[in-house]
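Below is run.cif, holding mmCIF, C-alpha atoms.
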data_work
#
loop_
_atom_site.label_atom_id
_atom_site.label_comp_id
_atom_site.auth_asym_id
_atom_site.auth_seq_id
_atom_site.Cartn_x
_atom_site.Cartn_y
_atom_site.Cartn_z
CA MET W 628 31.72 -12.42 9.69
CA PRO W 629 32.08 -10.96 6.19
CA THR W 630 34.83 -8.36 5.83
CA GLU W 631 34.57 -5.09 3.93
CA ARG W 632 36.69 -6.60 1.16
CA SER W 633 34.37 -9.60 0.82
CA TRP W 634 31.36 -7.28 0.58
CA PHE W 635 33.10 -5.29 -2.14
CA ARG W 636 34.08 -8.44 -4.03
CA LEU W 637 30.51 -9.70 -3.83
CA LEU W 638 29.19 -6.44 -5.29
CA ASP W 639 31.95 -6.24 -7.89
CA ALA W 640 31.26 -9.79 -9.08
CA LEU W 641 27.59 -8.91 -9.45
CA LEU W 642 28.26 -5.72 -11.42
CA ARG W 643 30.76 -7.43 -13.73
CA GLY W 644 28.35 -10.27 -14.42
CA GLU W 645 30.60 -12.90 -12.88
CA SER W 646 27.83 -14.00 -10.50
CA THR W 647 25.28 -14.46 -13.29
CA ARG W 648 27.41 -15.52 -16.27
CA ASP W 649 27.25 -19.24 -15.56
CA PRO W 650 23.62 -20.42 -15.34
CA VAL W 651 24.57 -23.49 -13.31
CA GLY W 652 23.92 -22.70 -9.66
CA LEU W 653 23.26 -19.06 -10.52
CA THR W 654 20.68 -18.30 -7.85
CA GLU W 655 22.84 -19.91 -5.14
CA ARG W 656 25.50 -17.28 -5.89
CA LEU W 657 23.04 -14.50 -5.02
CA PRO W 658 22.97 -14.48 -1.20
CA LEU W 659 19.63 -13.01 -0.16
CA ARG W 660 20.57 -11.64 3.26
CA ARG W 661 23.83 -10.01 2.19
CA PHE W 662 22.30 -8.52 -0.95
CA THR W 663 19.42 -7.13 1.09
CA LEU W 664 21.89 -5.42 3.43
CA LEU W 665 23.89 -4.15 0.46
CA GLY W 666 20.73 -2.75 -1.10
CA VAL W 667 19.77 -0.95 2.09
CA GLY W 668 23.27 0.52 2.45
CA LEU W 669 23.41 1.72 -1.16
CA GLY W 670 19.92 3.17 -0.87
CA VAL W 671 20.89 5.09 2.25
CA ALA W 672 23.95 6.46 0.42
CA TYR W 673 21.88 7.87 -2.42
CA GLY W 674 19.21 9.08 0.02
CA VAL W 675 21.85 11.19 1.78
CA PHE W 676 22.76 12.92 -1.48
CA MET W 677 19.08 13.43 -2.24
CA GLY W 678 18.39 14.96 1.18
CA LEU W 679 21.47 17.19 1.02
CA TYR W 680 19.38 19.84 -0.75
CA ALA W 681 17.31 20.46 2.39
CA VAL W 682 20.48 20.93 4.46
CA THR W 683 22.15 23.39 2.08
CA TRP W 684 18.95 25.39 1.58
CA ARG W 685 18.40 25.83 5.32
CA TRP W 686 22.06 26.13 6.32
CA GLY W 687 22.56 28.95 8.83
CA THR W 688 18.84 29.57 9.27
CA ALA W 689 16.36 28.79 12.02
CA GLY W 690 15.19 25.78 10.00
CA ALA W 691 18.60 24.10 9.86
CA VAL W 692 17.41 21.32 12.15
CA ASP W 693 14.57 20.58 9.72
CA GLY W 694 17.17 20.21 6.97
CA TRP W 695 19.01 17.50 8.89
CA LYS W 696 15.73 15.79 9.71
CA GLN W 697 14.88 15.74 6.00
CA LEU W 698 18.27 14.28 5.12
CA ALA W 699 17.86 11.48 7.68
CA ALA W 700 14.28 10.78 6.57
CA GLY W 701 15.28 10.67 2.89
CA ALA W 702 18.18 8.33 3.63
CA LEU W 703 15.81 5.88 5.32
CA LYS W 704 12.89 6.21 2.92
CA LEU W 705 14.89 5.70 -0.29
CA PRO W 706 15.77 2.01 0.33
CA ALA W 707 12.29 1.53 1.84
CA LEU W 708 10.84 2.71 -1.48
CA PHE W 709 12.48 -0.12 -3.42
CA PHE W 710 11.85 -2.93 -0.97
CA LEU W 711 8.24 -1.92 -0.25
CA THR W 712 7.61 -1.85 -4.00
CA LEU W 713 9.08 -5.36 -4.25
CA LEU W 714 6.86 -6.46 -1.36
CA VAL W 715 3.76 -5.21 -3.18
CA THR W 716 4.64 -6.60 -6.62
CA PHE W 717 6.45 -9.86 -5.82
CA PRO W 718 3.28 -11.95 -5.29
CA SER W 719 2.06 -11.07 -8.79
CA LEU W 720 5.39 -12.05 -10.35
CA TYR W 721 5.50 -15.35 -8.51
CA VAL W 722 1.95 -16.21 -9.58
CA PHE W 723 2.64 -15.17 -13.18
CA SER W 724 5.84 -17.21 -13.33
CA ALA W 725 4.11 -20.24 -11.79
CA LEU W 726 1.34 -20.02 -14.39
CA MET W 727 3.94 -19.77 -17.16
CA GLY W 728 5.64 -22.89 -15.80
CA THR W 729 9.05 -21.49 -14.85
CA ARG W 730 11.31 -23.66 -12.71
CA LEU W 731 12.34 -20.79 -10.43
CA GLY W 732 11.07 -21.37 -6.91
CA PHE W 733 9.99 -18.74 -4.38
CA LEU W 734 13.41 -18.06 -2.86
CA ALA W 735 15.26 -18.31 -6.19
CA THR W 736 12.94 -15.72 -7.73
CA LEU W 737 13.38 -13.46 -4.72
CA ARG W 738 17.18 -13.76 -4.90
CA VAL W 739 17.19 -12.65 -8.55
CA LEU W 740 14.92 -9.68 -7.89
CA VAL W 741 16.83 -8.48 -4.83
CA SER W 742 20.08 -8.68 -6.82
CA GLY W 743 18.41 -6.47 -9.44
CA ILE W 744 17.54 -3.94 -6.74
CA VAL W 745 21.18 -3.98 -5.60
CA VAL W 746 22.36 -3.17 -9.14
CA ASN W 747 19.71 -0.45 -9.40
CA LEU W 748 20.71 1.19 -6.12
CA CYS W 749 24.42 0.81 -6.84
CA VAL W 750 24.02 2.80 -10.06
CA ALA W 751 21.95 5.39 -8.18
CA ALA W 752 24.60 5.67 -5.45
CA SER W 753 27.29 6.14 -8.11
CA LEU W 754 25.27 9.07 -9.49
CA GLY W 755 24.93 10.52 -5.99
CA PRO W 756 28.04 12.74 -6.21
CA ILE W 757 26.63 14.30 -9.41
CA VAL W 758 23.38 15.04 -7.57
CA GLY W 759 25.43 16.46 -4.70
CA PHE W 760 27.39 18.69 -7.10
CA PHE W 761 24.23 20.24 -8.53
CA THR W 762 22.78 20.53 -5.04
CA LEU W 763 25.71 22.74 -4.03
CA SER W 764 25.58 24.81 -7.22
CA THR W 765 21.86 25.55 -7.61
CA ASN W 766 18.86 26.26 -5.42
CA ASP W 767 16.19 25.52 -8.05
CA TYR W 768 13.84 23.04 -6.39
CA SER W 769 12.07 21.98 -9.60
CA PHE W 770 15.40 21.29 -11.28
CA MET W 771 16.58 19.18 -8.35
CA VAL W 772 13.36 17.15 -8.41
CA LEU W 773 13.77 16.48 -12.13
CA LEU W 774 17.47 15.66 -11.72
CA ASN W 775 16.70 13.03 -9.09
CA VAL W 776 13.93 11.56 -11.24
CA ILE W 777 16.38 11.27 -14.15
CA ALA W 778 19.10 9.71 -11.97
CA LEU W 779 16.72 7.13 -10.52
CA GLY W 780 15.23 6.51 -13.96
CA VAL W 781 18.67 5.76 -15.43
CA ALA W 782 19.45 3.48 -12.49
CA GLY W 783 16.11 1.74 -12.95
CA LEU W 784 16.77 1.07 -16.64
CA VAL W 785 20.19 -0.43 -15.81
CA GLY W 786 18.60 -2.59 -13.12
CA MET W 787 15.93 -3.83 -15.53
CA GLY W 788 18.61 -4.64 -18.11
CA PHE W 789 20.46 -6.68 -15.49
CA LEU W 790 17.30 -8.63 -14.63
CA LEU W 791 16.60 -9.39 -18.29
CA ARG W 792 20.16 -10.63 -18.85
CA THR W 793 19.94 -12.79 -15.73
CA MET W 794 16.67 -14.35 -16.87
CA ARG W 795 18.17 -15.06 -20.29
CA SER W 796 21.17 -16.66 -18.61
CA LEU W 797 18.87 -18.87 -16.57
CA GLY W 798 17.05 -19.77 -19.77
CA ARG W 799 20.28 -20.81 -21.48
CA GLY W 800 21.08 -23.05 -18.55
CA ASP W 801 17.70 -24.74 -18.75
CA GLY W 802 16.17 -25.01 -22.21
CA ARG W 803 12.95 -26.01 -20.49
CA LEU W 804 12.62 -22.77 -18.52
CA ALA W 805 8.98 -22.59 -19.59
CA TRP W 806 8.19 -26.10 -18.36
CA GLU W 807 7.36 -27.21 -14.86
CA SER W 808 7.78 -30.74 -13.60
CA HIS W 809 5.20 -32.01 -11.17
CA PRO W 810 5.65 -35.55 -9.83
CA ASP W 811 1.96 -36.12 -9.16
CA VAL W 812 0.49 -35.15 -12.51
CA PRO W 813 0.91 -37.46 -15.52
CA GLY W 814 2.07 -35.87 -18.75
CA GLU W 815 2.99 -36.80 -22.30
CA MET W 816 6.48 -37.45 -23.58
CA SER W 817 7.80 -34.32 -25.34
CA HIS W 818 11.07 -32.65 -26.24
CA GLY W 819 12.79 -29.71 -24.57
CA ALA W 820 12.74 -26.28 -26.16
CA ALA W 821 16.50 -26.36 -26.72
CA GLY W 822 16.71 -29.92 -28.01
CA ASN W 823 17.58 -31.38 -24.66
CA GLY W 824 15.94 -34.66 -25.47
CA PRO W 825 12.69 -36.10 -24.21
CA LEU W 826 11.27 -34.79 -20.99
CA PRO W 827 10.18 -37.21 -18.28
CA LEU W 828 6.66 -38.59 -18.39
CA ASN W 829 5.75 -36.58 -15.31
CA THR W 830 6.53 -33.24 -17.04
CA VAL W 831 3.45 -31.17 -17.71
CA THR W 832 3.09 -28.69 -20.53
CA VAL W 833 1.67 -25.52 -18.99
CA PRO W 834 -1.06 -23.78 -21.01
CA GLY W 835 0.18 -20.44 -22.30
CA ALA W 836 3.83 -21.50 -22.13
CA SER W 837 4.06 -22.85 -25.66
CA ASN W 838 6.37 -20.03 -26.69
CA GLY W 839 9.04 -21.31 -24.31
CA ARG W 840 11.44 -18.72 -23.01
CA GLY W 841 9.76 -16.03 -25.11
CA GLY W 842 6.57 -16.36 -23.11
CA VAL W 843 8.43 -16.23 -19.81
CA MET W 844 10.45 -13.18 -20.86
CA GLY W 845 7.31 -11.44 -22.05
CA MET W 846 5.70 -12.06 -18.67
CA PHE W 847 8.81 -10.73 -16.93
CA VAL W 848 8.83 -7.54 -19.01
CA ILE W 849 5.19 -6.93 -18.11
CA TRP W 850 6.01 -7.39 -14.44
CA MET W 851 8.89 -4.89 -14.67
CA PHE W 852 6.48 -2.37 -16.17
CA ILE W 853 4.12 -2.98 -13.23
CA TYR W 854 7.04 -2.63 -10.81
CA GLY W 855 7.91 0.73 -12.35
CA LEU W 856 4.34 2.01 -12.04
CA VAL W 857 3.97 0.84 -8.45
CA GLY W 858 7.40 2.21 -7.54
CA SER W 859 6.57 5.62 -8.98
CA GLN W 860 3.36 5.85 -6.98
CA MET W 861 5.09 4.45 -3.89
CA GLY W 862 7.57 7.29 -4.13
CA TRP W 863 4.67 9.75 -4.26
CA ILE W 864 3.17 8.23 -1.12
CA LEU W 865 6.48 8.32 0.77
CA ARG W 866 7.33 11.90 -0.22
CA PRO W 867 9.05 14.21 0.55
CA PHE W 868 12.51 12.89 -0.22
CA ILE W 869 14.14 16.24 -1.01
CA GLY W 870 12.14 18.72 1.06
CA HIS W 871 10.48 21.85 -0.31
CA PRO W 872 12.34 25.02 0.77
CA ASN W 873 9.10 26.82 1.63
CA MET W 874 7.57 24.04 3.71
CA PRO W 875 8.42 22.80 7.20
CA PHE W 876 9.72 19.30 7.68
CA VAL W 877 7.11 16.53 7.61
CA LEU W 878 7.79 12.83 7.46
CA PHE W 879 4.98 12.14 4.99
CA ARG W 880 3.52 15.13 3.20
CA ALA W 881 0.41 13.32 1.98
CA ALA W 882 -0.67 12.76 5.56
CA GLU W 883 -0.29 16.47 6.27
CA ASP W 884 -1.98 18.21 3.35
CA GLY W 885 -4.53 15.52 2.47
CA ARG W 886 -3.96 15.97 -1.26
CA THR W 887 -4.51 13.20 -3.75
CA GLY W 888 -2.78 12.77 -7.06
CA SER W 889 0.01 10.74 -8.56
CA PHE W 890 3.70 10.84 -9.29
CA PHE W 891 3.07 11.43 -12.98
CA GLU W 892 0.81 14.41 -12.32
CA ALA W 893 3.48 15.96 -10.10
CA LEU W 894 6.18 15.24 -12.70
CA PHE W 895 4.24 17.01 -15.45
CA GLN W 896 3.66 19.98 -13.15
CA THR W 897 7.39 20.16 -12.38
CA LEU W 898 8.24 20.07 -16.08
CA GLY W 899 5.69 22.80 -16.68
CA ARG W 900 7.29 25.05 -14.08
CA LEU W 901 10.77 24.50 -15.55
CA LEU W 902 9.52 25.31 -19.06
CA GLY W 903 7.47 28.28 -17.84
CA VAL W 904 4.17 26.71 -18.94
CA ASN W 905 2.50 27.16 -15.54
#
Exercise: express the given structure as structure tokens:
Amino acid sequence: MPTERSWFRLLDALLRGESTRDPVGLTERLPLRRFTLLGVGLGVAYGVFMGLYAVTWRWGTAGAVDGWKQLAAGALKLPALFFLTLLVTFPSLYVFSALMGTRLGFLATLRVLVSGIVVNLCVAASLGPIVGFFTLSTNDYSFMVLLNVIALGVAGLVGMGFLLRTMRSLGRGDGRLAWESHPDVPGEMSHGAAGNGPLPLNTVTVPGASNGRGGVMGMFVIWMFIYGLVGSQMGWILRPFIGHPNMPFVLFRAAEDGRTGSFFEALFQTLGRLLGVN
């Protein structure tokens, strides 16, 4: 059974790039089960800091129990947000990458993406104490919402940067990242994108993959944009994470008030309140 030290070393190697520096056997160094558990644990850690606002706001009042309920709900919903978003968007990435002719299989692709979520949530968890500090020093709900959006946004950008570097590392290890070999389909003799010599006769040039790694990376960037959009709306569906001080605890607010809308609409309204526009 893995020890606490081995878990820490696994995470430290991922953050320092030691797990992804060498493209040879890269995906095998990204254990899916352990990284999934790490992601859940880190997500819970940040969710606790996020839900701390509801506890401090209701401390010593009749609604104190609701504050603890909100903290527990936020701690569980935060990692669910990331993995549910991956569940919704992963099929599109796998189909896109297959059409572009990448050599990454189903599990290898999933390992890379889950490792990106781990980096994302690790950065968020590291920002948790800052969120907790402001939680204890202010009771402005709109400010706390915006602070959490900024913290998760920064963590998301770092996670996306990690995924891009990992894909580039995989590309360096295989100059034919944009080519797919299929043993049953005849193909013409050609040369690898990185001068690796002639490809086997059973290697098929995939339409749309003529730009090599550039085409694959472009597809991956588009998918990350889709992931960000879906994740933002997923967060809106799973709200509340913080808990409004003037509302009783509910597990999912959308199911209670029946309102429609989007994360971006709510974000603009929050900015408006902070700036005194509305």
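Taking atom CA of W:Phe789 and atom CA of W:Trp863 as endpoints, the distance between them is 25.4 Å.
What separates atom CA of W:Leu774 from atom CA of W:Trp686 is a distance of 21.4 Å.
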Give me the result of the PyMOL selection byres ((chain W and resi 767-771) around 12) on this file, residue by residue, as a ChimeraX atom specification.
/W:676-681,683-684,757-766,772-778,868-874,893-903
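Picture a line from atom CA of W:Leu734 to atom CA of W:Phe662; it runs 13.2 Å.
Nearest to W:Pro706 of all the residues W:Gly858, W:Gly694, W:Pro718, W:Gly732 is W:Gly858, counting all atoms listed in the file.
Using all atoms listed in the file, the smallest distance between any of W:Cys749, W:Val741, W:Leu653, W:Ala702 and W:Met794 comes from W:Leu653.
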